$ cat query08.tsv   # TSV, C-alpha atoms
chain	number	residue	atom	x	y	z
A	1	MET	CA	-12.94	3.04	-14.96
A	2	LYS	CA	-10.77	1.08	-17.39
A	3	ILE	CA	-7.73	-0.43	-15.65
A	4	LEU	CA	-4.71	-2.14	-17.21
A	5	ILE	CA	-3.05	-4.65	-14.87
A	6	SER	CA	0.38	-6.18	-15.34
A	7	ASN	CA	3.07	-7.60	-13.05
A	8	ASP	CA	6.47	-9.27	-12.93
A	9	ASP	CA	5.42	-12.51	-11.20
A	10	GLY	CA	3.56	-13.83	-14.25
A	11	ILE	CA	-0.06	-14.07	-15.29
A	12	LEU	CA	-0.70	-17.12	-13.09
A	13	ALA	CA	0.58	-15.53	-9.87
A	14	ASN	CA	-1.74	-15.34	-6.87
A	15	GLY	CA	-1.09	-11.62	-6.44
A	16	ILE	CA	-2.43	-10.63	-9.83
A	17	ARG	CA	-5.41	-12.94	-9.33
A	18	ALA	CA	-6.34	-11.27	-6.04
A	19	LEU	CA	-5.96	-7.82	-7.57
A	20	ILE	CA	-8.15	-8.64	-10.58
A	21	GLU	CA	-10.85	-10.16	-8.38
A	22	ALA	CA	-10.89	-7.09	-6.12
A	23	LEU	CA	-11.15	-4.61	-9.03
A	24	ALA	CA	-13.26	-6.41	-11.62
A	25	PRO	CA	-16.66	-5.98	-9.87
A	26	CYS	CA	-16.46	-2.16	-10.23
A	27	HIS	CA	-14.08	-1.61	-13.16
A	28	ASP	CA	-13.27	-2.84	-16.65
A	29	VAL	CA	-10.03	-4.73	-16.12
A	30	TYR	CA	-7.61	-5.65	-18.91
A	31	VAL	CA	-4.57	-7.81	-18.23
A	32	VAL	CA	-1.31	-7.99	-20.17
A	33	ALA	CA	1.30	-9.87	-18.13
A	34	PRO	CA	4.39	-12.04	-18.57
A	35	ASP	CA	3.91	-15.74	-19.21
A	36	ARG	CA	6.40	-16.54	-16.43
A	37	GLU	CA	8.31	-15.08	-13.48
A	38	ARG	CA	10.21	-11.91	-14.45
A	39	SER	CA	11.17	-10.49	-11.04
A	40	ALA	CA	14.07	-8.01	-10.77
A	41	ALA	CA	13.80	-7.27	-14.49
A	42	GLY	CA	14.10	-3.55	-13.80
A	43	HIS	CA	13.08	-1.43	-16.77
A	44	SER	CA	14.49	-3.80	-19.38
A	45	LEU	CA	12.83	-4.08	-22.79
A	46	THR	CA	13.14	-6.83	-25.38
A	47	LEU	CA	15.07	-5.59	-28.42
A	48	HIS	CA	16.71	-8.53	-30.18
A	49	THR	CA	14.15	-11.33	-30.08
A	50	PRO	CA	10.48	-11.50	-31.07
A	51	ILE	CA	7.89	-11.02	-28.31
A	52	ARG	CA	5.17	-13.63	-28.40
A	53	VAL	CA	1.68	-12.50	-27.41
A	54	GLU	CA	-1.27	-14.81	-26.82
A	55	GLU	CA	-4.77	-13.79	-25.84
A	56	VAL	CA	-6.07	-16.23	-23.24
A	57	GLU	CA	-9.45	-16.84	-21.71
A	58	PRO	CA	-10.37	-13.95	-19.40
A	59	LYS	CA	-9.45	-14.75	-15.80
A	60	TYR	CA	-11.03	-13.83	-12.47
A	61	GLY	CA	-13.53	-11.35	-13.91
A	62	ALA	CA	-11.21	-9.44	-16.27
A	63	LYS	CA	-12.61	-8.25	-19.62
A	64	ARG	CA	-9.68	-9.55	-21.66
A	65	CYS	CA	-6.30	-11.14	-20.87
A	66	TRP	CA	-3.06	-11.57	-22.78
A	67	MET	CA	0.20	-13.24	-21.79
A	68	THR	CA	3.51	-12.35	-23.40
A	69	SER	CA	7.08	-13.62	-23.52
A	70	GLY	CA	8.27	-10.09	-22.77
A	71	THR	CA	9.41	-8.20	-19.69
A	72	PRO	CA	7.04	-6.24	-17.43
A	73	GLY	CA	8.03	-3.06	-19.28
A	74	ASP	CA	7.29	-4.76	-22.60
A	75	CYS	CA	3.84	-5.74	-21.35
A	76	VAL	CA	2.70	-2.21	-20.54
A	77	LYS	CA	4.34	-0.63	-23.59
A	78	MET	CA	2.77	-3.19	-25.95
A	79	ALA	CA	-0.60	-3.12	-24.21
A	80	ILE	CA	-0.98	0.62	-24.68
A	81	THR	CA	0.64	1.03	-28.08
A	82	ALA	CA	-0.19	-2.25	-29.85
A	83	ILE	CA	-2.63	-4.59	-28.10
A	84	LEU	CA	-5.54	-2.67	-26.61
A	85	ALA	CA	-8.13	-1.12	-28.90
A	86	GLU	CA	-8.66	2.61	-28.63
A	87	ASP	CA	-11.80	2.17	-26.51
A	88	GLU	CA	-9.88	-0.18	-24.20
A	89	LYS	CA	-7.04	2.24	-23.35
A	90	PRO	CA	-6.74	2.54	-19.56
A	91	ASP	CA	-7.63	5.33	-17.21
A	92	LEU	CA	-5.16	3.78	-14.76
A	93	VAL	CA	-2.26	1.31	-14.93
A	94	ILE	CA	-1.65	-0.93	-11.92
A	95	SER	CA	1.34	-3.24	-11.50
A	96	GLY	CA	1.15	-6.10	-9.00
A	97	LEU	CA	0.26	-7.33	-6.56
A	98	ASN	CA	3.91	-8.24	-6.21
A	99	HIS	CA	4.99	-11.15	-4.05
A	100	GLY	CA	7.50	-9.46	-1.74
A	101	PRO	CA	8.50	-5.89	-0.86
A	102	ASN	CA	9.58	-3.13	-3.23
A	103	LEU	CA	11.16	-0.67	-0.81
A	104	GLY	CA	14.02	1.81	-0.64
A	105	ILE	CA	16.49	2.18	-3.46
A	106	ASP	CA	15.95	-1.48	-4.36
A	107	VAL	CA	12.98	-0.24	-6.43
A	108	ILE	CA	15.54	0.45	-9.17
A	109	TYR	CA	15.75	-3.30	-9.79
A	110	SER	CA	12.03	-3.96	-9.44
A	111	GLY	CA	10.07	-5.24	-12.41
A	112	THR	CA	6.88	-4.28	-10.55
A	113	VAL	CA	7.87	-0.64	-10.04
A	114	ASN	CA	9.32	-0.23	-13.53
A	115	CYS	CA	6.21	-1.80	-15.03
A	116	ALA	CA	4.24	1.08	-13.52
A	117	LEU	CA	6.90	3.61	-14.53
A	118	GLU	CA	6.44	2.52	-18.15
A	119	GLY	CA	2.79	3.48	-17.82
A	120	ALA	CA	3.80	6.90	-16.46
A	121	MET	CA	6.32	7.35	-19.29
A	122	LEU	CA	3.47	6.81	-21.75
A	123	GLY	CA	1.40	9.46	-19.97
A	124	TYR	CA	-0.97	7.26	-17.94
A	125	PRO	CA	-1.61	7.48	-14.17
A	126	SER	CA	0.14	4.44	-12.71
A	127	ILE	CA	0.50	2.59	-9.42
A	128	ALA	CA	2.87	-0.17	-8.29
A	129	THR	CA	1.56	-2.48	-5.56
A	130	SER	CA	3.41	-5.01	-3.41
A	131	LEU	CA	2.74	-7.31	-0.46
A	132	THR	CA	5.69	-7.29	1.93
A	133	THR	CA	5.72	-10.92	2.90
A	134	MET	CA	7.30	-14.03	1.50
A	135	ARG	CA	4.09	-16.03	1.96
A	136	ASN	CA	2.52	-16.75	-1.41
A	137	ASP	CA	-0.91	-18.29	-0.87
A	138	TYR	CA	-3.86	-16.63	-2.58
A	139	GLU	CA	-5.46	-15.76	0.76
A	140	ASP	CA	-2.36	-13.77	1.77
A	141	PHE	CA	-3.01	-11.18	-0.95
A	142	LYS	CA	-6.67	-10.48	-0.18
A	143	VAL	CA	-6.23	-7.68	2.36
A	144	ALA	CA	-3.76	-5.84	0.11
A	145	ALA	CA	-6.02	-6.23	-2.93
A	146	GLU	CA	-9.02	-4.89	-1.01
A	147	PHE	CA	-6.94	-1.91	0.10
A	148	VAL	CA	-5.91	-1.10	-3.48
A	149	ALA	CA	-9.56	-1.25	-4.61
A	150	GLU	CA	-10.58	1.14	-1.83
A	151	LEU	CA	-7.60	3.43	-2.44
A	152	ILE	CA	-8.60	3.96	-6.08
A	153	GLN	CA	-11.91	5.42	-4.91
A	154	LYS	CA	-10.09	7.70	-2.43
A	155	LEU	CA	-7.73	8.92	-5.17
A	156	ASP	CA	-10.62	9.96	-7.39
A	157	ALA	CA	-10.01	13.64	-6.64
A	158	TYR	CA	-6.19	13.35	-6.69
A	159	LYS	CA	-4.28	13.61	-9.94
A	160	ILE	CA	-0.99	11.72	-9.93
A	161	PRO	CA	1.60	14.23	-11.22
A	162	PRO	CA	3.25	13.69	-14.62
A	163	LYS	CA	6.36	11.46	-14.65
A	164	THR	CA	5.24	10.03	-11.29
A	165	ILE	CA	3.84	6.79	-9.91
A	166	LEU	CA	2.63	5.78	-6.47
A	167	ASN	CA	4.62	2.88	-5.03
A	168	ILE	CA	2.47	1.06	-2.48
A	169	ASN	CA	3.69	-1.58	-0.03
A	170	VAL	CA	1.21	-3.38	2.23
A	171	PRO	CA	2.34	-5.38	5.30
A	172	GLY	CA	1.54	-9.08	5.18
A	173	LEU	CA	-0.85	-8.83	8.13
A	174	GLU	CA	-4.51	-9.22	8.92
A	175	LYS	CA	-6.49	-6.04	8.36
A	176	GLU	CA	-6.96	-5.37	12.07
A	177	ASP	CA	-3.19	-5.60	12.67
A	178	ILE	CA	-2.26	-2.88	10.14
A	179	ALA	CA	-1.45	0.31	12.06
A	180	GLY	CA	-2.43	2.78	9.36
A	181	ILE	CA	-1.17	4.47	6.20
A	182	ALA	CA	2.01	6.53	5.83
A	183	VAL	CA	2.96	8.74	2.89
A	184	THR	CA	6.71	8.18	2.76
A	185	GLU	CA	9.97	8.73	0.97
A	186	LEU	CA	12.24	5.97	-0.30
A	187	GLY	CA	14.51	4.54	2.35
A	188	GLY	CA	18.03	3.20	1.91
A	189	LYS	CA	18.93	-0.31	0.89
A	190	MET	CA	16.58	-3.08	1.92
A	191	PHE	CA	19.19	-5.83	1.53
A	192	THR	CA	22.97	-6.09	1.87
A	193	ASN	CA	25.12	-6.82	-1.18
A	194	ALA	CA	26.30	-10.37	-0.56
A	195	TYR	CA	27.00	-13.37	-2.76
A	196	GLU	CA	27.58	-16.89	-1.50
A	197	LYS	CA	30.34	-18.76	-3.34
A	198	ARG	CA	29.46	-22.39	-4.06
A	199	THR	CA	30.79	-25.35	-6.01
A	200	ASP	CA	28.55	-27.46	-8.27
A	201	PRO	CA	28.77	-31.28	-8.49
A	202	ARG	CA	31.22	-30.96	-11.39
A	203	GLY	CA	33.60	-28.77	-9.42
A	204	LYS	CA	32.67	-25.50	-11.13
A	205	ILE	CA	32.38	-22.33	-9.08
A	206	TYR	CA	29.10	-20.38	-9.07
A	207	TYR	CA	27.61	-17.59	-6.97
A	208	TRP	CA	24.19	-17.23	-5.37
A	209	MET	CA	22.84	-13.86	-4.24
A	210	ALA	CA	22.41	-14.11	-0.47
A	211	GLY	CA	21.76	-10.57	0.79
A	212	GLU	CA	20.33	-10.04	4.26
A	213	LEU	CA	17.92	-7.40	5.54
A	214	VAL	CA	19.51	-4.08	6.46
A	215	ASN	CA	18.45	-2.25	9.61
A	216	GLU	CA	17.24	1.22	8.59
A	217	SER	CA	18.67	3.99	10.80
A	218	GLU	CA	16.38	5.60	13.34
A	219	GLU	CA	16.87	8.94	11.56
A	220	ALA	CA	14.94	7.72	8.51
A	221	PHE	CA	11.63	7.95	10.34
A	222	ASN	CA	9.66	8.89	7.22
A	223	SER	CA	10.97	6.12	4.98
A	224	ASP	CA	8.95	3.37	3.38
A	225	ILE	CA	11.10	0.76	5.11
A	226	THR	CA	10.39	2.25	8.54
A	227	ALA	CA	6.66	2.42	7.80
A	228	ILE	CA	6.53	-1.28	6.95
A	229	ARG	CA	8.52	-2.15	10.07
A	230	ASN	CA	5.88	-0.23	12.02
A	231	ASN	CA	3.12	-2.32	10.38
A	232	MET	CA	1.89	0.57	8.26
A	233	ILE	CA	0.97	0.70	4.58
A	234	SER	CA	3.57	2.78	2.76
A	235	ILE	CA	2.66	5.03	-0.20
A	236	THR	CA	5.62	6.69	-1.90
A	237	PRO	CA	5.47	9.03	-4.91
A	238	ILE	CA	8.32	8.10	-7.27
A	239	THR	CA	9.46	9.90	-10.41
A	240	TYR	CA	11.53	8.65	-13.32
A	241	ASP	CA	12.85	12.19	-13.92
A	242	MET	CA	16.31	11.61	-12.42
A	243	THR	CA	17.70	15.09	-13.13
A	244	ARG	CA	18.95	16.79	-9.94
A	245	LYS	CA	17.68	20.20	-11.05
A	246	ASN	CA	18.75	21.96	-7.84
A	247	HIS	CA	22.40	21.05	-8.61
A	248	ILE	CA	22.52	22.24	-12.23
A	249	GLU	CA	23.43	25.84	-11.38
A	250	GLU	CA	26.13	24.79	-8.88
A	251	LEU	CA	27.67	22.30	-11.32
A	252	GLN	CA	27.61	24.82	-14.14
A	253	GLY	CA	29.24	27.43	-11.93
A	254	SER	CA	32.03	25.02	-10.97
A	255	LEU	CA	32.72	23.72	-14.48
A	256	CYS	CA	32.25	26.80	-16.62
A	257	LYS	CA	34.45	29.34	-14.85
A	258	ASP	CA	37.60	30.42	-16.74
A	259	ASP	CA	35.71	29.72	-20.02
A	260	PHE	CA	36.08	25.92	-19.61
A	261	CYS	CA	32.61	25.35	-21.11
A	262	ASP	CA	33.89	26.98	-24.33
A	263	TRP	CA	36.54	24.25	-24.57
A	264	PHE	CA	35.50	23.12	-28.08
A	265	ASN	CA	35.76	26.68	-29.36
A	266	ASP	CA	39.47	27.04	-28.48
$ encode --input "query08.tsv" --output "structure tokens"
Amino acid sequence: MKILISNDDGILANGIRALIEALAPCHDVYVVAPDRERSAAGHSLTLHTPIRVEEVEPKYGAKRCWMTSGTPGDCVKMAITAILAEDEKPDLVISGLNHGPNLGIDVIYSGTVNCALEGAMLGYPSIATSLTTMRNDYEDFKVAAEFVAELIQKLDAYKIPPKTILNINVPGLEKEDIAGIAVTELGGKMFTNAYEKRTDPRGKIYYWMAGELVNESEEAFNSDITAIRNNMISITPITYDMTRKNHIEELQGSLCKDDFCDWFND
């Protein structure tokens, strides 16, 4: 299988290294990743400045590697439409392994998740992968990377639906301490909205994001956040199709009575 790997932590991050090393023995791995940390970039793309791309020596068993000055979304879009040769186009796009969780509605801000969503938007099966710990040593990512490599084999008979990615979060635990796998829905907020007001040495005011973990309600038993708190690997199907189709008829019925929807024809 040909696999395109990208991330938002940068091409030198330990997470992407562990993922490449786990996949390269059995797959043709191509890497296009940011040249530096681009966490919380969401689905931003670079429009007003040039994007620098440099092919670098293949790392950790990958076939070819490039680093770019762009966002995670840029990396996948450019890889598929501009960088990779036709015979290098991927069968699967994988984003990660991210350093830290991508859970609940906070995935909206995630460069890791939106990196994978870009792959889905271009019509390629895509997965986002994260390690839910703040530890960052290479060894910490090994269990998660091995799980992703094994999962790909298990998904061989499963076709990820169009407009959809799988968002995978793995607890930062030893393999024997992981309680299992849960197919989940997105939970609520992972962190509170809080900013700490500070003063710099020159007397100027600045703010530092200082959100704290939110306790998920007991009712959300099938959420990704609850799964991680129960030491389980969470796998959540996510779509970028944000239309609430089941509300279209109700909204139309409310708005269009008394010929209001013919407003421009009055």
$ closest_residue --input "query08.tsv" --among "A:Val143, A:Val56, A:Leu97, A:Ile235" --to "Ala13 (chain A)" --atoms "only C-alpha atoms"
A:Leu97
$ closest_residue --input "query08.tsv" --among "A:Glu21, A:Asp137, A:Glu176, A:Asp87" --to "Tyr60 (chain A)" --atoms "only C-alpha atoms"
A:Glu21
$ atom_distance --input "query08.tsv" --atom1 "CA of Arg52 (chain A)" --atom2 "CA of Thr112 (chain A)"
20.2 Å
$ residues_around --input "query08.tsv" --residues "Phe221 (chain A)" --least-positions-apart "3" --cutoff "12 Å" --atoms "all atoms listed in the file" --output "short mmCIF file (atom, residue, chain, number, x, y, z; two decimals) with C-alpha atoms, keeping the file's coordinate frame"
data_model
loop_
_atom_site.label_atom_id
_atom_site.label_comp_id
_atom_site.auth_asym_id
_atom_site.auth_seq_id
_atom_site.Cartn_x
_atom_site.Cartn_y
_atom_site.Cartn_z
CA ALA A 182 2.01 6.53 5.83
CA VAL A 183 2.96 8.74 2.89
CA THR A 184 6.71 8.18 2.76
CA GLU A 185 9.97 8.73 0.97
CA LEU A 186 12.24 5.97 -0.30
CA GLY A 187 14.51 4.54 2.35
CA GLY A 188 18.03 3.20 1.91
CA GLU A 216 17.24 1.22 8.59
CA SER A 217 18.67 3.99 10.80
CA GLU A 218 16.38 5.60 13.34
CA ASP A 224 8.95 3.37 3.38
CA ILE A 225 11.10 0.76 5.11
CA THR A 226 10.39 2.25 8.54
CA ALA A 227 6.66 2.42 7.80
CA ILE A 228 6.53 -1.28 6.95
CA ARG A 229 8.52 -2.15 10.07
CA ASN A 230 5.88 -0.23 12.02
#
$ atom_distance --input "query08.tsv" --atom1 "CA of Pro237 (chain A)" --atom2 "CA of Ile165 (chain A)"
5.7 Å
$ atom_distance --input "query08.tsv" --atom1 "CA of Ala33 (chain A)" --atom2 "CA of Ala157 (chain A)"
28.5 Å
$ residues_around --input "query08.tsv" --residues "region 238-249 of chain A" --least-positions-apart "3" --cutoff "10 Å" --atoms "only C-alpha atoms" --output "ChimeraX atom specification"
/A:107,113-114,117-118,120-121,127-128,161-167,185-186,235,252-254
$ closest_residue --input "query08.tsv" --among "A:Leu84, A:Leu19, A:Leu131, A:Ala149" --to "Met1 (chain A)" --atoms "all atoms listed in the file"
A:Ala149
$ closest_residue --input "query08.tsv" --among "A:Ala79, A:Leu151, A:Val32, A:Met134" --to "His99 (chain A)" --atoms "all atoms listed in the file"
A:Met134
$ closest_residue --input "query08.tsv" --among "A:Thr199, A:Glu57, A:Phe141, A:Asp35" --to "Gly100 (chain A)" --atoms "only C-alpha atoms"
A:Phe141
